[in-house]
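Okay, structure first, notes after.
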Amino acid sequence: MFIYTRDNMPSQKTRIFTDIPAGKKQDTGRCPLCNTANAEFWFVQWSNGYSLKGWCPACTNVDITPDAIEQAKQQRKAHLVSAFLRRLPVSEFAASGYVRADVLDSIFSQVTQPDATEQYDLTLLEICRQCSEPGLQSAFNYEEDWPLIIARSAPSVSLMIIELVNSGYLDKEISGPFPPRPTWKAFQRVKELRSSGSNSMNGFVAMSFSTDRLPIWTEVIEPAIKDAGYKPIRVDQYEHSNRIDDEIIAQIRRCRFLVADFTAQKPGVYFEAGLALGLGRTVIWMCDHADKGNLHFDIRQFNTILYARGWRIASSR
Ligand SMILES: [Zn+2]
């Protein structure tokens with residue numbers, strides 16, 4: 001199952017839908033979801049309706065029903081769907097099928113909206129990530145890469161770039177602001193950002209720490225976080241002190257994402273997941289399949305990894 005995080009690598013721009021002879025081609029040349037130009041879409045008829053399938057330079061591969069587009073636009077969240085699709089691996093795309101109205105809530109629960117200051121940092125991080133070495137220009141193209149910043153549109157990212165130039169993070173000596181060339185100061189800032197907050201390398205784990213739950217930590221969660229290149233942070237003292245202390249709150253502030261295992265239904269896990277979500281961090285929701293029925297109603301719309309005994313991932317919903 002694909003779980004969206006701001007760290008998933010962007011789509012490699014591999015086009016899946018290059019020509020769909022069975023469908024009628026849309027003649028606008030624009031993405032029906034984000035309105036980006038140079039898009040190519042076809043109407044594909046299904047037994048109970050149709051979907052718009054094609055290629056957008058910003059969203060990349062898209063297969064979406066008209067009612068999903070309408071609902072996302074009504075909620076002013078179409079850009080979150082673009083952000084999601086942009087980081088969806090091609091293999092997952094084939095498996096997950098088209099975006100329907102009933103999967104929107106799951107997408108919206110995964111793609112959290114960054115505020116303006118976070119977008120500023122994300123823009124700098126992405127520009128530097130797409131720059132192979134200091135002194136060279138970045139491959140970042142705001143007209144196509146704005147979904148990587150979870151921005152509403154390309155112009156809002158161009159404003160971030162102008163601000164980054166004004167603050168000395170991007171070189172002024174280029175004709176027009178694009179493509180941007182990060183300065184030495186930019187790389188120093190990226191290093192700072194990587195050591196704290198939403199861009200840090202820490203993954204916080206919220207779970208019950210009773211001894212029978214230990215194997216899921218030692219055999220699954222801890223190695224998985226390490227394998228992904230992050231540092232797992234587990235604060236288990238609170239089980240003894242039975243309170244959420246300043247240290248836990250500070251650790252959650254410093255984490256990049258939080259893994260919440262709701263098995264055994266500890267109130268602390270709900271609190272920590274809610275705090276992380278409120279801080280705009282990615283939350284990875286987990287629960288033992290046997291305890292699924294006890295999950296609190298309020299979190300049931302989130303995509304939860306359900307695992308079976310033997311710690312094998314059983315299914316997701
Ligand atoms: Zn698009």
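Convention: chains lettered A, B, ... in structure tokens order; per-chain residue numbering from 1; ligands numbered from 1 as shown.
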Would you kindly return, as a PyMOL selection string, each protein, DNA or RNA residue with an atom no farther than 9 Å from any atom of range 74-90 of chain A, considering only C-alpha atoms and excluding same-chain residues fewer than 6 positions away?
chain A and resi 2-16+33-34+58-62+99+104+107-108+110-113+145-153
Distance table requested - range 37-87 of chain A against range 17-24 of chain A, cut-off 7 Å, only C-alpha atoms: one row per qualifying residue with the closest atom pair and its distance in Å to one decimal, ordered by chain and rising residue number, as a tab-separated table.
```
residue	atom	partner	partner_atom	distance
A:Trp42	CA	A:Lys24	CA	5.4
A:Phe43	CA	A:Gly23	CA	5.1
A:Val44	CA	A:Gly23	CA	4.8
A:Gly54	CA	A:Phe17	CA	5.4
A:Trp55	CA	A:Phe17	CA	6.7
```
Can you work out which one of A:Gln301, A:Asn199, A:Gln251, A:Gln265 has the shortest atom-to-atom distance to Ser106 in chain A, counting only C-alpha atoms?
A:Gln301
Pick out the closest residue to Gly278 in chain A from this set: A:Ser51, A:Gln26, A:Asn141, A:Ser198. Count only C-alpha atoms.
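Counting only C-alpha atoms, the residue closest to Gly278 in chain A is A:Ser198.
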Just give me the gap between CA of Pro114 in chain A and CA of Val205 in chain A in Å, one decimal is fine.
21.8 Å
Near Ala276 in chain A, counting only C-alpha atoms, which residues have an atom at most 9 Å away, once you skip same-chain residues fewer than 6 positions from it, shown as a count of residues only?
7
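If you measure from each of A:Phe187, A:Phe41, A:Phe140, A:Tyr120 to ligand 1 using only C-alpha atoms and all ligand atoms, the closest one turns out to be A:Phe41.
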Please report the interatomic distance between CA of Ser200 in chain A and CA of Gln119 in chain A in Å with one decimal.
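Spanning CA of Ser200 in chain A to CA of Gln119 in chain A is a straight-line distance of 15.4 Å.
Shell of Lys266 in chain A at 10 Å, with only C-alpha atoms counted and residues fewer than 6 places along the chain excluded, is Ala206, Met207, Ser208, Phe209 and Glu239 of chain A.
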Residues from the last selection, C-alpha atoms, saved as a PDB file, in the first residue's frame:
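Listed below is the output, selection26.pdb:
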```
ATOM      1  CA  ALA A 206       3.554   6.110  19.427  1.00  0.00           C
ATOM      2  CA  MET A 207       2.355   2.728  20.647  1.00  0.00           C
ATOM      3  CA  SER A 208       1.562   0.642  23.680  1.00  0.00           C
ATOM      4  CA  PHE A 209       4.767  -0.455  25.361  1.00  0.00           C
ATOM      5  CA  GLU A 239       3.932   4.347  30.284  1.00  0.00           C
TER       6      GLU A 239
END
```
